[in-house]
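File shown: my_file.csv. Contents: CSV, C-alpha atoms.
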chain,number,residue,atom,x,y,z
A,1,MET,CA,121.3,131.3,83.8
A,2,ALA,CA,118.9,132.0,86.7
A,3,THR,CA,120.3,131.2,90.1
A,4,SER,CA,119.9,131.8,93.8
A,5,ASP,CA,122.6,133.1,96.1
A,6,ALA,CA,125.1,131.2,98.1
A,7,ILE,CA,125.4,127.9,96.3
A,8,PRO,CA,128.5,126.2,97.6
A,9,GLU,CA,131.2,124.5,95.5
A,10,MET,CA,131.1,121.3,97.6
A,11,MET,CA,128.3,119.2,99.1
A,12,THR,CA,127.8,116.3,101.5
A,13,ALA,CA,126.5,113.1,99.9
A,14,LEU,CA,126.1,109.4,100.5
A,15,GLN,CA,128.0,107.3,97.9
A,16,LEU,CA,127.9,103.7,96.9
A,17,VAL,CA,131.6,102.8,96.7
A,18,GLU,CA,131.3,99.0,96.8
A,19,TYR,CA,128.5,96.5,96.3
A,20,ASN,CA,127.0,95.0,99.5
A,21,LYS,CA,128.9,97.5,101.7
A,22,ASP,CA,127.6,100.5,103.7
A,23,TYR,CA,127.4,103.8,101.9
A,24,LYS,CA,130.1,106.3,102.5
A,25,LEU,CA,129.5,109.8,103.6
A,26,ALA,CA,131.6,112.1,101.3
A,27,SER,CA,132.2,115.7,100.3
A,28,ILE,CA,131.9,116.0,96.5
A,29,PRO,CA,131.5,118.9,94.0
A,30,VAL,CA,128.0,120.4,93.6
A,31,PRO,CA,127.0,119.6,90.0
A,32,VAL,CA,126.5,122.2,87.3
A,33,ALA,CA,123.2,122.6,85.6
A,34,GLY,CA,123.4,122.1,81.8
A,35,THR,CA,121.0,122.8,79.0
A,36,GLY,CA,117.4,121.9,80.0
A,37,GLU,CA,118.5,121.1,83.6
A,38,LEU,CA,117.6,122.4,87.1
A,39,LEU,CA,119.8,122.3,90.1
A,40,VAL,CA,117.7,121.3,93.1
A,41,ARG,CA,118.6,121.7,96.7
A,42,VAL,CA,117.4,118.3,98.0
A,43,ALA,CA,115.2,118.3,101.1
A,44,ALA,CA,114.3,114.6,101.2
A,45,ALA,CA,114.9,111.4,99.2
A,46,SER,CA,113.6,108.0,100.0
A,47,PHE,CA,115.0,104.4,99.7
A,48,CYS,CA,113.3,102.1,97.2
A,49,HIS,CA,113.7,98.3,96.7
A,50,THR,CA,115.5,99.2,93.5
A,51,ASP,CA,118.1,101.0,95.6
A,52,LEU,CA,118.7,97.7,97.4
A,53,GLN,CA,119.2,95.9,94.0
A,54,VAL,CA,121.7,98.6,93.0
A,55,HIS,CA,123.5,98.1,96.3
A,56,GLN,CA,123.7,94.4,95.5
A,57,GLY,CA,125.0,94.9,92.0
A,58,VAL,CA,122.0,93.7,90.1
A,59,TYR,CA,122.2,96.8,87.8
A,60,GLU,CA,126.0,96.7,87.6
A,61,SER,CA,126.0,100.4,88.4
A,62,ARG,CA,129.3,102.2,88.4
A,63,PHE,CA,130.7,103.7,91.6
A,64,PRO,CA,131.3,105.9,93.4
A,65,MET,CA,127.7,106.9,92.8
A,66,VAL,CA,125.0,108.8,94.8
A,67,PRO,CA,121.9,106.5,95.3
A,68,SER,CA,118.2,107.3,95.4
A,69,HIS,CA,115.7,108.0,92.6
A,70,GLU,CA,113.0,109.5,94.9
A,71,PRO,CA,114.2,113.1,95.6
A,72,VAL,CA,112.3,116.3,96.2
A,73,GLY,CA,113.5,119.8,97.0
A,74,THR,CA,113.8,123.4,95.9
A,75,ILE,CA,115.1,124.8,92.6
A,76,VAL,CA,118.2,126.9,93.2
A,77,ARG,CA,119.5,127.3,89.6
A,78,ARG,CA,118.1,127.0,86.1
A,79,GLY,CA,120.5,125.9,83.4
A,80,PRO,CA,120.8,127.6,80.0
A,81,ASN,CA,118.0,127.2,77.5
A,82,THR,CA,115.7,125.8,80.2
A,83,ASP,CA,112.0,126.6,80.1
A,84,SER,CA,111.4,129.9,82.0
A,85,LYS,CA,108.3,128.4,83.7
A,86,TRP,CA,110.7,126.9,86.2
A,87,GLU,CA,111.6,129.5,88.8
A,88,ILE,CA,114.1,129.7,91.6
A,89,GLY,CA,112.4,128.7,94.9
A,90,GLN,CA,109.8,126.4,93.4
A,91,ARG,CA,109.2,123.1,95.3
A,92,VAL,CA,109.6,120.2,93.0
A,93,GLY,CA,109.8,116.4,92.7
A,94,VAL,CA,112.3,114.8,90.4
A,95,LEU,CA,111.3,111.7,88.4
A,96,ASN,CA,113.8,108.9,87.8
A,97,PHE,CA,114.2,108.8,84.0
A,98,LYS,CA,115.7,111.7,82.1
A,99,HIS,CA,117.4,112.9,78.9
A,100,PRO,CA,115.8,110.8,76.2
A,101,CYS,CA,118.0,110.6,73.1
A,102,GLY,CA,115.3,111.1,70.6
A,103,THR,CA,116.9,108.8,68.0
A,104,CYS,CA,116.8,105.2,69.4
A,105,ARG,CA,114.1,102.8,68.1
A,106,LYS,CA,112.0,103.3,71.3
A,107,CYS,CA,112.2,107.1,71.2
A,108,ARG,CA,111.2,107.0,67.5
A,109,TRP,CA,108.3,104.6,68.4
A,110,HIS,CA,107.0,106.9,71.1
A,111,LYS,CA,107.4,110.0,68.9
A,112,GLY,CA,105.5,108.3,66.1
A,113,GLU,CA,102.7,106.9,68.3
A,114,TYR,CA,102.2,109.9,70.6
A,115,GLY,CA,104.0,112.8,69.1
A,116,THR,CA,106.3,113.2,72.1
A,117,LEU,CA,109.4,111.8,73.8
A,118,ASP,CA,109.1,109.8,77.0
A,119,ALA,CA,112.4,109.2,78.8
A,120,ARG,CA,111.0,106.0,80.4
A,121,PHE,CA,111.4,104.1,77.2
A,122,CYS,CA,114.7,105.5,75.8
A,123,GLU,CA,117.4,102.9,75.3
A,124,SER,CA,120.1,105.4,76.5
A,125,LYS,CA,118.2,107.2,79.2
A,126,ASN,CA,119.8,108.3,82.4
A,127,MET,CA,118.4,106.9,85.7
A,128,ALA,CA,119.0,108.8,88.9
A,129,GLY,CA,120.7,106.5,91.5
A,130,ILE,CA,121.2,103.8,89.0
A,131,THR,CA,123.3,105.1,86.1
A,132,THR,CA,123.8,108.7,87.3
A,133,ASP,CA,124.0,110.4,90.7
A,134,GLY,CA,120.7,110.4,92.7
A,135,GLY,CA,119.1,112.1,95.6
A,136,PHE,CA,121.1,111.2,98.7
A,137,ALA,CA,123.0,114.5,98.5
A,138,GLU,CA,122.5,118.1,99.3
A,139,TYR,CA,122.1,119.0,95.6
A,140,LEU,CA,120.8,117.1,92.5
A,141,LEU,CA,120.6,117.7,88.8
A,142,ALA,CA,117.1,117.4,87.4
A,143,ASP,CA,115.9,117.1,83.8
A,144,ALA,CA,113.3,119.9,83.6
A,145,ALA,CA,111.2,117.7,81.3
A,146,THR,CA,110.7,115.1,84.0
A,147,THR,CA,110.3,117.4,87.0
A,148,VAL,CA,107.0,118.2,88.6
A,149,LEU,CA,105.7,120.9,90.9
A,150,LEU,CA,104.7,119.8,94.4
A,151,PRO,CA,101.2,120.8,95.7
A,152,GLU,CA,101.1,123.4,98.4
A,153,GLY,CA,100.8,121.8,101.8
A,154,LEU,CA,102.5,118.5,100.8
A,155,GLY,CA,105.6,118.1,103.0
A,156,PHE,CA,108.9,117.0,101.5
A,157,GLU,CA,109.1,113.8,103.5
A,158,GLN,CA,105.7,112.8,102.2
A,159,ALA,CA,106.4,113.9,98.7
A,160,ALA,CA,109.6,111.8,98.3
A,161,PRO,CA,108.0,108.4,98.0
A,162,LEU,CA,105.6,109.6,95.4
A,163,MET,CA,108.4,110.1,92.9
A,164,CYS,CA,108.8,106.3,92.4
A,165,ALA,CA,106.5,104.3,94.7
A,166,GLY,CA,103.6,106.6,94.1
A,167,ALA,CA,104.2,107.0,90.4
A,168,THR,CA,104.6,103.3,89.9
A,169,VAL,CA,101.3,102.2,91.5
A,170,TRP,CA,99.5,105.2,89.9
A,171,ASN,CA,100.5,104.0,86.5
A,172,ALA,CA,99.8,100.4,87.4
A,173,LEU,CA,96.2,101.3,88.3
A,174,SER,CA,95.8,103.1,85.1
A,175,GLN,CA,97.0,100.0,83.2
A,176,CYS,CA,94.0,98.1,84.8
A,177,ASN,CA,91.5,100.3,82.9
A,178,LEU,CA,89.0,100.2,85.8
A,179,LYS,CA,85.8,102.0,86.2
A,180,PRO,CA,84.5,103.3,89.6
A,181,GLY,CA,82.9,100.5,91.5
A,182,GLN,CA,85.0,97.7,90.0
A,183,THR,CA,87.2,95.6,92.2
A,184,VAL,CA,91.0,95.5,92.5
A,185,GLY,CA,93.3,93.6,94.7
A,186,ILE,CA,96.5,95.2,96.0
A,187,ILE,CA,98.9,92.4,96.9
A,188,GLY,CA,101.8,93.4,99.1
A,189,ILE,CA,101.2,96.3,101.5
A,190,GLY,CA,104.6,97.9,101.8
A,191,GLY,CA,105.8,101.3,100.5
A,192,LEU,CA,104.0,100.8,97.2
A,193,GLY,CA,101.0,98.9,98.4
A,194,ILE,CA,99.9,101.5,101.0
A,195,LEU,CA,99.8,104.1,98.3
A,196,ALA,CA,98.1,101.8,95.8
A,197,VAL,CA,95.3,101.2,98.3
A,198,GLN,CA,94.7,104.9,98.9
A,199,PHE,CA,94.8,105.7,95.2
A,200,ALA,CA,92.4,102.9,94.4
A,201,LYS,CA,89.9,104.1,97.0
A,202,ALA,CA,90.3,107.7,95.8
A,203,LEU,CA,89.5,106.6,92.3
A,204,GLY,CA,86.3,104.9,93.5
A,205,TYR,CA,87.4,101.2,93.2
A,206,GLN,CA,86.3,98.4,95.6
A,207,THR,CA,89.7,97.5,97.1
A,208,VAL,CA,91.1,94.4,98.7
A,209,ALA,CA,94.4,94.6,100.6
A,210,VAL,CA,96.5,91.4,100.8
A,211,ASP,CA,99.7,90.8,102.8
A,212,ASN,CA,101.3,88.0,104.8
A,213,CYS,CA,102.1,90.5,107.7
A,214,LEU,CA,99.3,91.5,110.0
A,215,GLU,CA,101.1,94.7,110.9
A,216,ASN,CA,101.2,95.8,107.3
A,217,LEU,CA,97.5,95.1,106.9
A,218,THR,CA,96.8,97.2,109.9
A,219,LEU,CA,98.9,100.0,108.5
A,220,SER,CA,96.8,99.9,105.3
A,221,SER,CA,93.8,101.1,107.3
A,222,ASP,CA,95.7,103.9,108.9
A,223,THR,CA,94.7,106.4,106.3
A,224,GLY,CA,92.5,109.4,105.7
A,225,PRO,CA,88.7,109.0,105.8
A,226,GLY,CA,87.4,106.9,103.0
A,227,LEU,CA,90.8,105.6,101.9
A,228,GLU,CA,90.8,102.4,103.9
A,229,PRO,CA,90.6,99.1,102.0
A,230,ASP,CA,87.2,97.4,101.8
A,231,LEU,CA,88.6,94.0,102.7
A,232,LEU,CA,91.7,92.9,104.5
A,233,VAL,CA,93.1,89.4,103.6
A,234,ASP,CA,96.0,87.5,105.2
A,235,TYR,CA,97.9,85.8,102.5
A,236,ASN,CA,98.5,82.9,104.8
A,237,ASP,CA,94.9,82.4,105.6
A,238,SER,CA,93.5,79.2,104.0
A,239,GLU,CA,90.2,81.0,103.7
A,240,GLY,CA,91.7,84.1,102.0
A,241,THR,CA,90.7,83.1,98.5
A,242,PRO,CA,87.1,82.2,99.4
A,243,LYS,CA,86.8,85.6,101.2
A,244,ILE,CA,87.8,87.4,98.0
A,245,TRP,CA,85.4,85.4,96.0
A,246,ASN,CA,82.6,86.2,98.5
A,247,PHE,CA,83.5,89.8,98.4
A,248,THR,CA,83.1,89.9,94.6
A,249,ASP,CA,79.8,87.9,94.6
A,250,GLY,CA,81.7,85.0,93.1
A,251,LEU,CA,82.9,86.9,90.0
A,252,GLY,CA,86.5,87.4,91.1
A,253,LEU,CA,88.6,90.6,91.0
A,254,ARG,CA,88.6,92.8,87.9
A,255,ALA,CA,92.3,93.5,88.4
A,256,ALA,CA,95.2,92.8,90.7
A,257,VAL,CA,98.3,94.9,91.3
A,258,VAL,CA,101.2,92.9,92.8
A,259,CYS,CA,103.4,95.3,94.7
A,260,ASN,CA,106.3,93.1,95.5
A,261,ASP,CA,108.6,90.5,93.8
A,262,ASP,CA,107.0,87.4,95.3
A,263,VAL,CA,106.7,85.1,92.4
A,264,GLN,CA,104.2,82.8,94.1
A,265,ALA,CA,102.0,85.6,95.1
A,266,ALA,CA,101.9,86.9,91.5
A,267,GLU,CA,101.0,83.5,90.2
A,268,TRP,CA,98.3,83.1,92.9
A,269,SER,CA,96.8,86.5,92.0
A,270,LEU,CA,95.7,85.0,88.6
A,271,LYS,CA,93.4,82.7,90.5
A,272,LEU,CA,91.6,85.6,92.0
A,273,LEU,CA,90.7,87.3,88.7
A,274,GLN,CA,87.5,87.1,86.8
A,275,PRO,CA,87.7,86.1,83.1
A,276,ARG,CA,89.6,88.7,81.1
A,277,GLY,CA,90.9,90.3,84.3
A,278,THR,CA,94.2,92.1,84.5
A,279,CYS,CA,97.3,91.4,86.6
A,280,VAL,CA,100.0,94.1,86.9
A,281,PRO,CA,103.1,92.6,88.6
A,282,LEU,CA,105.5,95.4,89.7
A,283,GLY,CA,108.4,93.5,91.2
A,284,LEU,CA,111.6,92.6,89.4
A,285,PRO,CA,112.5,89.1,90.6
A,286,GLU,CA,115.9,88.2,89.3
A,287,LYS,CA,114.7,84.8,88.0
A,288,GLY,CA,111.6,86.2,86.4
A,289,TYR,CA,107.9,85.3,87.0
A,290,HIS,CA,106.0,82.0,86.5
A,291,PHE,CA,102.3,81.9,85.6
A,292,ASN,CA,100.0,79.0,85.3
A,293,ALA,CA,99.2,78.6,81.6
A,294,PHE,CA,95.8,77.2,82.2
A,295,ASP,CA,94.8,80.1,84.4
A,296,LEU,CA,96.1,82.5,81.8
A,297,VAL,CA,94.7,80.9,78.6
A,298,PHE,CA,91.4,79.5,79.7
A,299,ASN,CA,90.3,82.8,81.4
A,300,GLU,CA,91.8,85.0,78.7
A,301,LEU,CA,93.7,87.0,81.4
A,302,VAL,CA,95.9,89.9,80.7
A,303,ILE,CA,99.3,90.3,82.4
A,304,LYS,CA,100.6,93.9,81.9
A,305,GLY,CA,104.0,95.5,82.6
A,306,SER,CA,104.1,99.0,84.1
A,307,LEU,CA,107.0,101.3,84.4
A,308,CYS,CA,106.6,104.2,86.7
A,309,ALA,CA,104.6,107.1,85.1
A,310,SER,CA,105.1,109.9,82.8
A,311,ARG,CA,105.4,113.5,84.0
A,312,ASP,CA,101.9,114.3,82.8
A,313,SER,CA,100.5,111.4,84.6
A,314,VAL,CA,102.4,112.3,87.8
A,315,GLU,CA,101.0,115.8,87.6
A,316,ALA,CA,97.5,114.3,87.6
A,317,MET,CA,98.5,112.0,90.5
A,318,MET,CA,99.6,115.0,92.5
A,319,LYS,CA,96.1,116.5,92.2
A,320,VAL,CA,94.6,113.4,93.7
A,321,VAL,CA,97.2,113.4,96.5
A,322,ALA,CA,96.3,117.0,97.3
A,323,LYS,CA,92.6,116.4,97.2
A,324,HIS,CA,92.4,113.3,99.2
A,325,GLY,CA,95.4,113.7,101.6
A,326,ILE,CA,97.1,110.5,100.5
A,327,LYS,CA,100.1,109.7,102.6
A,328,SER,CA,102.9,107.3,103.3
A,329,HIS,CA,104.1,105.9,106.6
A,330,ILE,CA,107.5,107.4,107.1
A,331,THR,CA,110.7,106.5,109.0
A,332,ALA,CA,113.0,109.5,108.6
A,333,VAL,CA,116.8,109.2,108.8
A,334,ALA,CA,119.2,112.1,108.7
A,335,LEU,CA,121.7,112.0,105.9
A,336,LYS,CA,124.6,111.9,108.3
A,337,ASP,CA,123.2,108.8,109.9
A,338,ALA,CA,122.2,106.9,106.7
A,339,ALA,CA,125.3,105.0,105.7
A,340,ALA,CA,123.9,101.7,106.8
A,341,LEU,CA,120.5,102.3,105.1
A,342,PRO,CA,120.6,99.1,103.0
A,343,THR,CA,121.1,97.0,106.1
A,344,LYS,CA,118.3,98.8,107.9
A,345,TYR,CA,116.1,98.1,104.9
A,346,LYS,CA,117.0,94.4,104.7
A,347,ASN,CA,116.4,94.0,108.4
A,348,ARG,CA,113.0,95.6,108.2
A,349,ASP,CA,114.0,97.8,111.1
A,350,PHE,CA,111.5,100.5,110.4
A,351,LYS,CA,107.9,101.1,109.5
A,352,GLY,CA,106.6,102.3,106.1
A,353,ARG,CA,109.1,104.1,103.8
A,354,LEU,CA,112.6,105.0,104.7
A,355,VAL,CA,113.2,108.7,103.9
A,356,VAL,CA,116.6,110.4,104.1
A,357,THR,CA,116.4,114.1,105.2
A,358,MET,CA,119.1,116.6,104.7
A,359,ASP,CA,120.9,118.0,107.8
A,360,LYS,CA,119.7,121.5,108.8
Write the structure described by the file as structure tokens, please.
Amino acid sequence: MATSDAIPEMMTALQLVEYNKDYKLASIPVPVAGTGELLVRVAAASFCHTDLQVHQGVYESRFPMVPSHEPVGTIVRRGPNTDSKWEIGQRVGVLNFKHPCGTCRKCRWHKGEYGTLDARFCESKNMAGITTDGGFAEYLLADAATTVLLPEGLGFEQAAPLMCAGATVWNALSQCNLKPGQTVGIIGIGGLGILAVQFAKALGYQTVAVDNCLENLTLSSDTGPGLEPDLLVDYNDSEGTPKIWNFTDGLGLRAAVVCNDDVQAAEWSLKLLQPRGTCVPLGLPEKGYHFNAFDLVFNELVIKGSLCASRDSVEAMMKVVAKHGIKSHITAVALKDAAALPTKYKNRDFKGRLVVTMDK
């Protein structure tokens, strides 16, 4: 077992101890890396909408549990029989899903179709911050099979949101099967949408950003050169739909990625699409979606699900991030000050993405 020096026995962590209550700052044992695992010293971990749902009891998660599935940090220990390509001191990001069983029907399906296992589809997978301890702690166990190297020059605070928000919209865009020059609408410019706009532009797509908050639309243009959306549309603007039709020469969008759980916005997005266009809704509204059957059938539209991204896909995403300087807008909160993070998120008392940083 490869290890670095001076790993403590105890660590500071935030824990979910009761639904709809503030997190609790606690001292808990540092986990031990098992077969195929890495012990990571966490540098930053961000708060996702799924973390709010966990906090509210939607996933019926057990507690006490450490939240967050968007952690990044440094490898400090390699468990037994773990690939030696992983070295102490490497800067890594840890994806949410881990430890596929290899025997359930979905694992057997993926193995049969693609020759590999993919933890995203396993029926008994572990999910950081949902079914197992996550990243709001000084140390975290990572599955080496779903861990990625971070590019040089990418700071930890910027890297953290890429582990879920970035991976989710990257995969959603891939589901659209677009070619450079084709049009895509990004609906909802929050933590996911701001990254989706930049990825879409980096991949050469004509991009429309839609939101009901003018501040969010403004943030979508606060990017690196060439990553700004081609058209900004206020969702509440009665002329919003005609503007999109004019932008597409009357054809409609080739695809739309809906980056929130607004059911009405998702249904509206179908009206923006050209025939055989694709809609990828990313939210998880508790009561499900509702789509107009006539829009769907008479235009032969495609509605696709999208679940984060595989490790190989995230590695490709990281190359695009490094090449184009893709970034999130960050509000950093120290671990010791983050107990009320869910309330801060619900109150929208921040800009961009909430990222918890470890105390120095």
**Report entry** Counting all atoms listed in the file, the residue of A:Ala13, A:Leu272, A:Asn81, A:Met358 that sits nearest A:Ala334
**Finding:**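 Of the candidates, the smallest distance to A:Ala334 is held by A:Met358.
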Report task. Name the closest residue to A:Cys164 among the candidates A:Ile326, A:Leu38, A:Leu150, A:Leu307; distances are taken between atoms, counting only C-alpha atoms. Result ->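 That would be A:Leu307, the residue with the smallest distance to A:Cys164.
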Report task. Choose the residue, out of A:Gln182, A:Ser84, A:Thr131, A:Thr241, that has the smallest atom-to-atom separation from A:Glu37; count only C-alpha atoms. Result ->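 The closest residue to A:Glu37 is A:Ser84.
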Query - Nearby residues (only C-alpha atoms) at most 12 Å from A:Asp261, same-chain spacing under 5 positions excluded, as a list of chain:residue names - result: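 Listed by chain and then number, they are A:His49, A:Thr50, A:Gln53, A:Ile187, A:Gly188, A:Gly190, A:Leu192, A:Ala266, A:Glu267, A:Val280, A:Pro281, A:Leu282, A:Gly283, A:Leu284, A:Pro285, A:Glu286, A:Lys287, A:Gly288, A:Tyr289, A:His290.
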Requested in this report: Quote the spacing between atom CA of A:Gly250 and atom CA of A:Ser269 in Å to one decimal place.
Outcome: 15.2 Å
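Put simply, atom CA of A:Val197 is 23.9 Å away from atom CA of A:Val356.
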Spatial neighbours of stretch 21-26 of chain A, 6 Å, all atoms listed in the file, chain gap at least 2 places, as a short mmCIF file (atom, residue, chain, number, x, y, z; two decimals) with C-alpha atoms, in the frame of the given file:
data_model
loop_
_atom_site.label_atom_id
_atom_site.label_comp_id
_atom_site.auth_asym_id
_atom_site.auth_seq_id
_atom_site.Cartn_x
_atom_site.Cartn_y
_atom_site.Cartn_z
CA THR A 12 127.80 116.30 101.50
CA ALA A 13 126.50 113.10 99.90
CA LEU A 14 126.10 109.40 100.50
CA GLN A 15 128.00 107.30 97.90
CA LEU A 16 127.90 103.70 96.90
CA GLU A 18 131.30 99.00 96.80
CA TYR A 19 128.50 96.50 96.30
CA ALA A 339 125.30 105.00 105.70
CA ALA A 340 123.90 101.70 106.80
#
Requested in this report: Would you kindly return, as a ChimeraX atom specification, each protein, DNA or RNA residue with an atom no farther than 12 Å from any atom of A:Asp83, considering all atoms listed in the file and excluding same-chain residues fewer than 4 positions away?
Outcome: /A:1-2,35-38,78-79,87,143-145,147
Query raised in the report: Residues around (96.4, 103.7, 99.6), cut-off 9 Å, counting only C-alpha atoms - what are they as a list in words?
Result: Leu192, Gly193, Ile194, Leu195, Ala196, Val197, Gln198, Phe199, Ala200, Lys201, Ala202, Ser220, Ser221, Thr223, Leu227, Glu228, Pro229, Ile326, Lys327 and Ser328 of chain A
Within 12 Å of file point (82.1, 88.5, 91.3), counting only C-alpha atoms, expressed as a short mmCIF file (atom, residue, chain, number, x, y, z; two decimals) with C-alpha atoms, in the frame of the given file:
data_model
loop_
_atom_site.label_atom_id
_atom_site.label_comp_id
_atom_site.auth_asym_id
_atom_site.auth_seq_id
_atom_site.Cartn_x
_atom_site.Cartn_y
_atom_site.Cartn_z
CA GLN A 182 85.00 97.70 90.00
CA THR A 183 87.20 95.60 92.20
CA VAL A 184 91.00 95.50 92.50
CA GLN A 206 86.30 98.40 95.60
CA PRO A 242 87.10 82.20 99.40
CA LYS A 243 86.80 85.60 101.20
CA ILE A 244 87.80 87.40 98.00
CA TRP A 245 85.40 85.40 96.00
CA ASN A 246 82.60 86.20 98.50
CA PHE A 247 83.50 89.80 98.40
CA THR A 248 83.10 89.90 94.60
CA ASP A 249 79.80 87.90 94.60
CA GLY A 250 81.70 85.00 93.10
CA LEU A 251 82.90 86.90 90.00
CA GLY A 252 86.50 87.40 91.10
CA LEU A 253 88.60 90.60 91.00
CA ARG A 254 88.60 92.80 87.90
CA ALA A 255 92.30 93.50 88.40
CA LEU A 272 91.60 85.60 92.00
CA LEU A 273 90.70 87.30 88.70
CA GLN A 274 87.50 87.10 86.80
CA PRO A 275 87.70 86.10 83.10
CA GLY A 277 90.90 90.30 84.30
#
Report task. Can you work out which one of A:Phe97, A:Tyr59, A:Trp170, A:Phe47 has the shortest atom-to-atom distance to A:Ser306, counting only C-alpha atoms? Result -> A:Trp170
Query raised in the report: What is the atom CA of A:Ala165 to atom CA of A:Leu341 distance in Å?
Result: 17.6 Å
Query raised in the report: Pick from A:Leu335, A:Met317, A:Ala309, A:Leu270: nearest to A:Asp295, with only C-alpha atoms counted?
Result: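 Checking each candidate against A:Asp295, we get A:Leu270 as the closest.
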Please return stretch 185-201 of chain A, rebuilt to N, CA and C atoms, as a PDB file, in the coordinates of the input.
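As a result, rebuild-v5.pdb now contains:
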ATOM      1  N   GLY A 185      92.547  94.079  93.604  1.00  0.00           N
ATOM      2  CA  GLY A 185      93.300  93.600  94.700  1.00  0.00           C
ATOM      3  C   GLY A 185      94.701  94.201  94.720  1.00  0.00           C
ATOM      4  N   ILE A 186      95.133  94.676  95.864  1.00  0.00           N
ATOM      5  CA  ILE A 186      96.500  95.200  96.000  1.00  0.00           C
ATOM      6  C   ILE A 186      97.239  94.181  96.881  1.00  0.00           C
ATOM      7  N   ILE A 187      98.188  93.512  96.268  1.00  0.00           N
ATOM      8  CA  ILE A 187      98.900  92.400  96.900  1.00  0.00           C
ATOM      9  C   ILE A 187     100.293  92.864  97.294  1.00  0.00           C
ATOM     10  N   GLY A 188     100.570  92.866  98.599  1.00  0.00           N
ATOM     11  CA  GLY A 188     101.800  93.400  99.100  1.00  0.00           C
ATOM     12  C   GLY A 188     101.634  94.803  99.617  1.00  0.00           C
ATOM     13  N   ILE A 189     101.512  94.977 100.933  1.00  0.00           N
ATOM     14  CA  ILE A 189     101.200  96.300 101.500  1.00  0.00           C
ATOM     15  C   ILE A 189     102.468  96.859 102.154  1.00  0.00           C
ATOM     16  N   GLY A 190     103.445  97.193 101.294  1.00  0.00           N
ATOM     17  CA  GLY A 190     104.600  97.900 101.800  1.00  0.00           C
ATOM     18  C   GLY A 190     104.578  99.336 101.312  1.00  0.00           C
ATOM     19  N   GLY A 191     105.738  99.882 100.941  1.00  0.00           N
ATOM     20  CA  GLY A 191     105.800 101.300 100.500  1.00  0.00           C
ATOM     21  C   GLY A 191     104.937 101.559  99.303  1.00  0.00           C
ATOM     22  N   LEU A 192     104.873 100.602  98.345  1.00  0.00           N
ATOM     23  CA  LEU A 192     104.000 100.800  97.200  1.00  0.00           C
ATOM     24  C   LEU A 192     102.567 100.480  97.496  1.00  0.00           C
ATOM     25  N   GLY A 193     102.336  99.376  98.179  1.00  0.00           N
ATOM     26  CA  GLY A 193     101.000  98.900  98.400  1.00  0.00           C
ATOM     27  C   GLY A 193     100.124  99.882  99.200  1.00  0.00           C
ATOM     28  N   ILE A 194     100.715 100.526 100.214  1.00  0.00           N
ATOM     29  CA  ILE A 194      99.900 101.500 101.000  1.00  0.00           C
ATOM     30  C   ILE A 194      99.446 102.627 100.208  1.00  0.00           C
ATOM     31  N   LEU A 195     100.263 103.063  99.234  1.00  0.00           N
ATOM     32  CA  LEU A 195      99.800 104.100  98.300  1.00  0.00           C
ATOM     33  C   LEU A 195      98.818 103.625  97.323  1.00  0.00           C
ATOM     34  N   ALA A 196      99.028 102.410  96.827  1.00  0.00           N
ATOM     35  CA  ALA A 196      98.100 101.800  95.800  1.00  0.00           C
ATOM     36  C   ALA A 196      96.699 101.713  96.419  1.00  0.00           C
ATOM     37  N   VAL A 197      96.591 101.272  97.661  1.00  0.00           N
ATOM     38  CA  VAL A 197      95.300 101.200  98.300  1.00  0.00           C
ATOM     39  C   VAL A 197      94.581 102.512  98.331  1.00  0.00           C
ATOM     40  N   GLN A 198      95.309 103.541  98.743  1.00  0.00           N
ATOM     41  CA  GLN A 198      94.700 104.900  98.900  1.00  0.00           C
ATOM     42  C   GLN A 198      94.307 105.437  97.498  1.00  0.00           C
ATOM     43  N   PHE A 199      95.175 105.260  96.496  1.00  0.00           N
ATOM     44  CA  PHE A 199      94.800 105.700  95.200  1.00  0.00           C
ATOM     45  C   PHE A 199      93.586 104.998  94.637  1.00  0.00           C
ATOM     46  N   ALA A 200      93.545 103.687  94.847  1.00  0.00           N
ATOM     47  CA  ALA A 200      92.400 102.900  94.400  1.00  0.00           C
ATOM     48  C   ALA A 200      91.112 103.388  94.990  1.00  0.00           C
ATOM     49  N   LYS A 201      91.138 103.639  96.282  1.00  0.00           N
ATOM     50  CA  LYS A 201      89.900 104.100  97.000  1.00  0.00           C
ATOM     51  C   LYS A 201      89.573 105.534  96.488  1.00  0.00           C
TER      52      LYS A 201
END
